[in-house]
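*Asks:* To start, I am sharing the structure in question, which I have written as structure tokens.
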Amino acid sequence: MGKRITSYTTLTPTATADTTNLVDSTYQIAYQGANTTQRWNIVEVYLGGQAGASSPSIMLLSFDSQVATGSLTADAAQTDTVSDGSAGTLTNALKVFNKAATNKPQRDVARHLANLSFNAFGGVVRLNWPLDQQFVGVGNTASFGEMSLSAFTGGTTGLMGCHIIYEPF
Amino acid sequence: MVDHRNSPGITDDFIHKASQVLPADTCLPVGMSAGRGLFEAPTVSCSHCQAMVIINPLRNRERGYCPGCDRYICDNCTELRRINGQCKTFRQLADEIVEAALKAESIKEI
């Protein structure tokens with residue numbers, strides 16, 4: 001239905017262990033299917049360091065073993081828009097958020113998708129994939145119905161901006 | 001692509017520590033200063049679990065491959081395949097999830 005871009009202007013994410021609640025506004029982006037059959041592809045992930053001092057960060061794109069529930073909302077710093085103004089819109093839009101009212105998302109310990117380790121002091125990491133190797137999310141239940149971009153423990157997270165290009169179906 | 005040309009980058013020690021707690025084939029390769037300067041490498045998505053595997057040019061060990069789906073697979077799925085001999089791609093799994101959801105919906109309608 002056309003690619004969309006989720007951007008988060010600037011955030012110092014909080015390093016969080018797997019299977020632990022991702023607290024509101026401490027991670028940049030999470031995606032959850034709008035219904036039990038929705039699919040989406042991740043096309044590109046970009047992280048740009050904005051820190052003023054050395055900050056080796058372990059950022060993970062991962063499936064979540066506990067999906068978020070309740071009202072799912074986003075910080076003002078997060079935007080989600082079509083990459084082409086003439087693209088069609090889906091009846092049920094993918095849920096894009098970084099705040100959850102009831103259950104918080106929890107990163108799945110066994111289903112990390114991409115490891116984006118970099119130094120947020122001037123570092124840049126950009127990943128993209130050919131069409132047949134893009135990550136696919138499906139449905140809205142654990143463990144394949146929700147993905148999140150968040151910081152893993154072990155580093156010293158720093159200020160960073162990011163975007164994810166994705167295509168919902 | 002990881003660009004640390006304008007950054008102190010990350011040390012091999014940091015990468016090594018990360019690869020102790022995260023699957024090593026998804027981390028930057030150790031021993032080739034991948035955390036310094038500009039590092040570009042091809043990646044493959046594991047056909048079974050979708051994990052992104054960085055193709056390490058220094059790897060000597062055999063790379064995981066599944067003849068069932070004719071694709072590269074990650075080290076974890078290679079071990080699983082050795083144990084249970086199964087080939088189930090993520091695309092098949094996704095289809096099963098969708099079919100199960102559709103079946104559940106149609107039961108409700110009856």
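Each chain in the structure tokens gets a letter, A, B, ..., in the order shown, and its residues are numbered from 1; ligands are numbered from 1 in order too.
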Please tabulate, as JSON lines, the residues of stretch 48-160 of chain A that come within 8 Å of stretch 5-28 of chain B, each with its closest pair of atoms and the distance in Å to one decimal, counting only C-alpha atoms and ordering rows by chain, then residue number upward.
*Replies:*
{"residue": "A:Ser54", "atom": "CA", "partner": "B:Pro8", "partner_atom": "CA", "distance": 7.0}
{"residue": "A:Pro56", "atom": "CA", "partner": "B:Ile10", "partner_atom": "CA", "distance": 6.1}
{"residue": "A:Ile58", "atom": "CA", "partner": "B:Ala18", "partner_atom": "CA", "distance": 7.9}
{"residue": "A:Ala114", "atom": "CA", "partner": "B:Thr26", "partner_atom": "CA", "distance": 6.8}
{"residue": "A:Asn115", "atom": "CA", "partner": "B:Cys27", "partner_atom": "CA", "distance": 6.2}
{"residue": "A:Ser117", "atom": "CA", "partner": "B:Cys27", "partner_atom": "CA", "distance": 7.7}
{"residue": "A:Phe118", "atom": "CA", "partner": "B:Ile10", "partner_atom": "CA", "distance": 6.4}
{"residue": "A:Asn119", "atom": "CA", "partner": "B:Gly9", "partner_atom": "CA", "distance": 5.2}
{"residue": "A:Phe121", "atom": "CA", "partner": "B:Ser7", "partner_atom": "CA", "distance": 5.7}
{"residue": "A:Gly122", "atom": "CA", "partner": "B:Ser7", "partner_atom": "CA", "distance": 4.6}
{"residue": "A:Gly123", "atom": "CA", "partner": "B:Ser7", "partner_atom": "CA", "distance": 5.4}
{"residue": "A:Gly154", "atom": "CA", "partner": "B:Ala18", "partner_atom": "CA", "distance": 7.3}
*Asks:* Might you pull out every residue within 7 Å of stretch 51-53 of chain B, with only C-alpha atoms counted and same-chain residues fewer than 5 positions away left off, and present them as a PyMOL selection string?
*Replies:* (chain A and resi 112-114) or (chain B and resi 25-26+43-46+74)
*Asks:* Provide as a ChimeraX atom specification the residues of chain A at most 10 Å from chain B, counting only C-alpha atoms.
*Replies:* /A:35-39,46-49,53-58,61-62,109-130,132-139,141,144-145,152-155
*Asks:* Quick one: DSSP helix (DSSP H, G or I) residues in chain B, as an mmCIF file with N, CA and C atoms, in the first residue's frame?
*Replies:*
data_model
loop_
_atom_site.group_PDB
_atom_site.id
_atom_site.type_symbol
_atom_site.label_atom_id
_atom_site.label_comp_id
_atom_site.auth_asym_id
_atom_site.auth_seq_id
_atom_site.Cartn_x
_atom_site.Cartn_y
_atom_site.Cartn_z
ATOM 1 N N ASP B 12 36.877 -3.308 19.397
ATOM 2 C CA ASP B 12 36.685 -4.751 19.203
ATOM 3 C C ASP B 12 36.275 -5.412 20.521
ATOM 4 N N ASP B 13 36.791 -4.857 21.637
ATOM 5 C CA ASP B 13 36.442 -5.395 22.952
ATOM 6 C C ASP B 13 34.938 -5.253 23.208
ATOM 7 N N PHE B 14 34.398 -4.077 22.842
ATOM 8 C CA PHE B 14 32.960 -3.834 23.016
ATOM 9 C C PHE B 14 32.150 -4.791 22.140
ATOM 10 N N ILE B 15 32.611 -4.965 20.894
ATOM 11 C CA ILE B 15 31.902 -5.879 19.982
ATOM 12 C C ILE B 15 31.969 -7.306 20.524
ATOM 13 N N HIS B 16 33.153 -7.668 21.028
ATOM 14 C CA HIS B 16 33.324 -9.019 21.571
ATOM 15 C C HIS B 16 32.384 -9.260 22.750
ATOM 16 N N LYS B 17 32.289 -8.254 23.651
ATOM 17 C CA LYS B 17 31.399 -8.391 24.812
ATOM 18 C C LYS B 17 29.946 -8.540 24.352
ATOM 19 N N ALA B 18 29.559 -7.734 23.349
ATOM 20 C CA ALA B 18 28.183 -7.827 22.839
ATOM 21 C C ALA B 18 27.919 -9.202 22.240
ATOM 22 N N SER B 19 28.932 -9.751 21.572
ATOM 23 C CA SER B 19 28.728 -11.049 20.915
ATOM 24 C C SER B 19 28.691 -12.202 21.912
ATOM 25 N N GLN B 20 29.014 -11.917 23.192
ATOM 26 C CA GLN B 20 28.895 -12.947 24.221
ATOM 27 C C GLN B 20 27.450 -13.093 24.689
ATOM 28 N N VAL B 21 26.666 -12.023 24.579
ATOM 29 C CA VAL B 21 25.282 -12.075 25.057
ATOM 30 C C VAL B 21 24.276 -12.063 23.908
ATOM 31 N N ALA B 24 26.461 -14.232 17.896
ATOM 32 C CA ALA B 24 27.695 -13.658 17.345
ATOM 33 C C ALA B 24 27.571 -13.333 15.864
ATOM 34 N N ASP B 25 26.799 -14.129 15.121
ATOM 35 C CA ASP B 25 26.743 -13.878 13.677
ATOM 36 C C ASP B 25 25.866 -12.682 13.323
ATOM 37 N N THR B 26 25.197 -12.093 14.333
ATOM 38 C CA THR B 26 24.420 -10.882 14.060
ATOM 39 C C THR B 26 25.180 -9.632 14.499
ATOM 40 N N ASP B 75 23.258 -19.212 12.704
ATOM 41 C CA ASP B 75 23.882 -20.307 13.453
ATOM 42 C C ASP B 75 22.887 -20.998 14.392
ATOM 43 N N ASN B 76 22.007 -20.197 15.039
ATOM 44 C CA ASN B 76 21.023 -20.791 15.953
ATOM 45 C C ASN B 76 20.085 -21.738 15.213
ATOM 46 N N CYS B 77 19.603 -21.298 14.045
ATOM 47 C CA CYS B 77 18.677 -22.143 13.286
ATOM 48 C C CYS B 77 19.403 -23.342 12.668
ATOM 49 N N THR B 78 20.701 -23.189 12.396
ATOM 50 C CA THR B 78 21.486 -24.318 11.891
ATOM 51 C C THR B 78 21.522 -25.421 12.951
ATOM 52 N N GLU B 79 21.744 -25.004 14.200
ATOM 53 C CA GLU B 79 21.775 -25.988 15.293
ATOM 54 C C GLU B 79 20.406 -26.653 15.454
ATOM 55 N N LEU B 80 19.345 -25.832 15.422
ATOM 56 C CA LEU B 80 17.986 -26.375 15.538
ATOM 57 C C LEU B 80 17.705 -27.382 14.427
ATOM 58 N N ARG B 81 18.162 -27.049 13.231
ATOM 59 C CA ARG B 81 17.900 -27.924 12.083
ATOM 60 C C ARG B 81 18.661 -29.242 12.225
ATOM 61 N N ARG B 82 19.850 -29.159 12.833
ATOM 62 C CA ARG B 82 20.620 -30.387 13.083
ATOM 63 C C ARG B 82 19.878 -31.283 14.065
ATOM 64 N N ILE B 83 19.187 -30.657 15.028
ATOM 65 C CA ILE B 83 18.498 -31.430 16.065
ATOM 66 C C ILE B 83 17.191 -32.028 15.536
ATOM 67 N N ASN B 84 16.364 -31.169 14.912
ATOM 68 C CA ASN B 84 15.035 -31.680 14.521
ATOM 69 C C ASN B 84 14.882 -31.928 13.019
ATOM 70 N N PHE B 90 10.231 -18.552 7.619
ATOM 71 C CA PHE B 90 9.384 -17.585 8.320
ATOM 72 C C PHE B 90 8.150 -17.259 7.499
ATOM 73 N N ARG B 91 8.291 -17.278 6.173
ATOM 74 C CA ARG B 91 7.130 -16.992 5.307
ATOM 75 C C ARG B 91 6.041 -18.050 5.535
ATOM 76 N N GLN B 92 6.459 -19.324 5.670
ATOM 77 C CA GLN B 92 5.480 -20.385 5.939
ATOM 78 C C GLN B 92 4.797 -20.145 7.288
ATOM 79 N N LEU B 93 5.624 -19.767 8.272
ATOM 80 C CA LEU B 93 5.097 -19.509 9.618
ATOM 81 C C LEU B 93 4.083 -18.366 9.580
ATOM 82 N N ALA B 94 4.421 -17.300 8.843
ATOM 83 C CA ALA B 94 3.520 -16.150 8.731
ATOM 84 C C ALA B 94 2.203 -16.571 8.072
ATOM 85 N N ASP B 95 2.305 -17.406 7.039
ATOM 86 C CA ASP B 95 1.083 -17.890 6.369
ATOM 87 C C ASP B 95 0.227 -18.692 7.342
ATOM 88 N N GLU B 96 0.875 -19.520 8.160
ATOM 89 C CA GLU B 96 0.131 -20.329 9.131
ATOM 90 C C GLU B 96 -0.590 -19.441 10.154
ATOM 91 N N ILE B 97 0.097 -18.368 10.592
ATOM 92 C CA ILE B 97 -0.516 -17.454 11.561
ATOM 93 C C ILE B 97 -1.756 -16.801 10.958
ATOM 94 N N VAL B 98 -1.620 -16.342 9.714
ATOM 95 C CA VAL B 98 -2.745 -15.673 9.053
ATOM 96 C C VAL B 98 -3.889 -16.658 8.824
ATOM 97 N N GLU B 99 -3.556 -17.872 8.375
ATOM 98 C CA GLU B 99 -4.608 -18.868 8.124
ATOM 99 C C GLU B 99 -5.339 -19.243 9.411
ATOM 100 N N ALA B 100 -4.575 -19.384 10.489
ATOM 101 C CA ALA B 100 -5.199 -19.714 11.777
ATOM 102 C C ALA B 100 -6.128 -18.589 12.220
ATOM 103 N N ALA B 101 -5.689 -17.342 12.007
ATOM 104 C CA ALA B 101 -6.513 -16.189 12.400
ATOM 105 C C ALA B 101 -7.786 -16.141 11.568
ATOM 106 N N LEU B 102 -7.656 -16.400 10.255
ATOM 107 C CA LEU B 102 -8.833 -16.378 9.384
ATOM 108 C C LEU B 102 -9.801 -17.496 9.756
ATOM 109 N N LYS B 103 -9.235 -18.666 10.080
ATOM 110 C CA LYS B 103 -10.074 -19.801 10.459
ATOM 111 C C LYS B 103 -10.847 -19.464 11.741
ATOM 112 N N ALA B 104 -10.160 -18.839 12.711
ATOM 113 C CA ALA B 104 -10.813 -18.470 13.967
ATOM 114 C C ALA B 104 -11.935 -17.466 13.722
ATOM 115 N N GLU B 105 -11.703 -16.538 12.799
ATOM 116 C CA GLU B 105 -12.746 -15.547 12.485
ATOM 117 C C GLU B 105 -13.970 -16.202 11.849
ATOM 118 N N SER B 106 -13.725 -17.160 10.950
ATOM 119 C CA SER B 106 -14.856 -17.790 10.256
ATOM 120 C C SER B 106 -15.661 -18.661 11.219
ATOM 121 N N ILE B 107 -15.010 -19.243 12.202
ATOM 122 C CA ILE B 107 -15.729 -20.041 13.225
ATOM 123 C C ILE B 107 -16.663 -19.134 14.012
ATOM 124 N N LYS B 108 -16.190 -17.918 14.348
ATOM 125 C CA LYS B 108 -17.024 -16.981 15.096
ATOM 126 C C LYS B 108 -18.269 -16.620 14.309
ATOM 127 N N GLU B 109 -18.110 -16.482 12.982
ATOM 128 C CA GLU B 109 -19.245 -16.075 12.145
ATOM 129 C C GLU B 109 -20.345 -17.141 12.139
#
*Asks:* Which one is closest to A:Ile29: A:Asn140, A:Glu167, A:Thr6, A:Ala93? Count only C-alpha atoms.
*Replies:*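 Of A:Asn140, A:Glu167, A:Thr6, A:Ala93, the one nearest A:Ile29 is A:Thr6, counting only C-alpha atoms.
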*Asks:* Find the residues near A:Thr91: any atom within 12 Å, counting only C-alpha atoms, skip ones fewer than 2 places away on the same chain, and give them as a PyMOL selection string.
*Replies:* chain A and resi 1+34-35+38+88-89+93-94+168-169
*Asks:* If you measure from atom CA of A:Ala30 to atom CA of A:Ala100, what distance in Å do you get, rounded to one decimal?
*Replies:*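 Atom CA of A:Ala100 lies at a distance of 10.0 Å from atom CA of A:Ala30.
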*Asks:* Find, counting only C-alpha atoms, the residue in B:His48, B:Tyr72, B:Leu58, B:Gly31 that gets nearest to B:Cys87.
*Replies:*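 Looking only at the distances to B:Cys87, the closest residue turns out to be B:His48.
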*Asks:* Hey, what's within 10 Å of A:Asp84 if we count only C-alpha atoms and toss same-chain stuff fewer than 5 positions away? As a ChimeraX atom specification, please?
*Replies:* /A:2-5
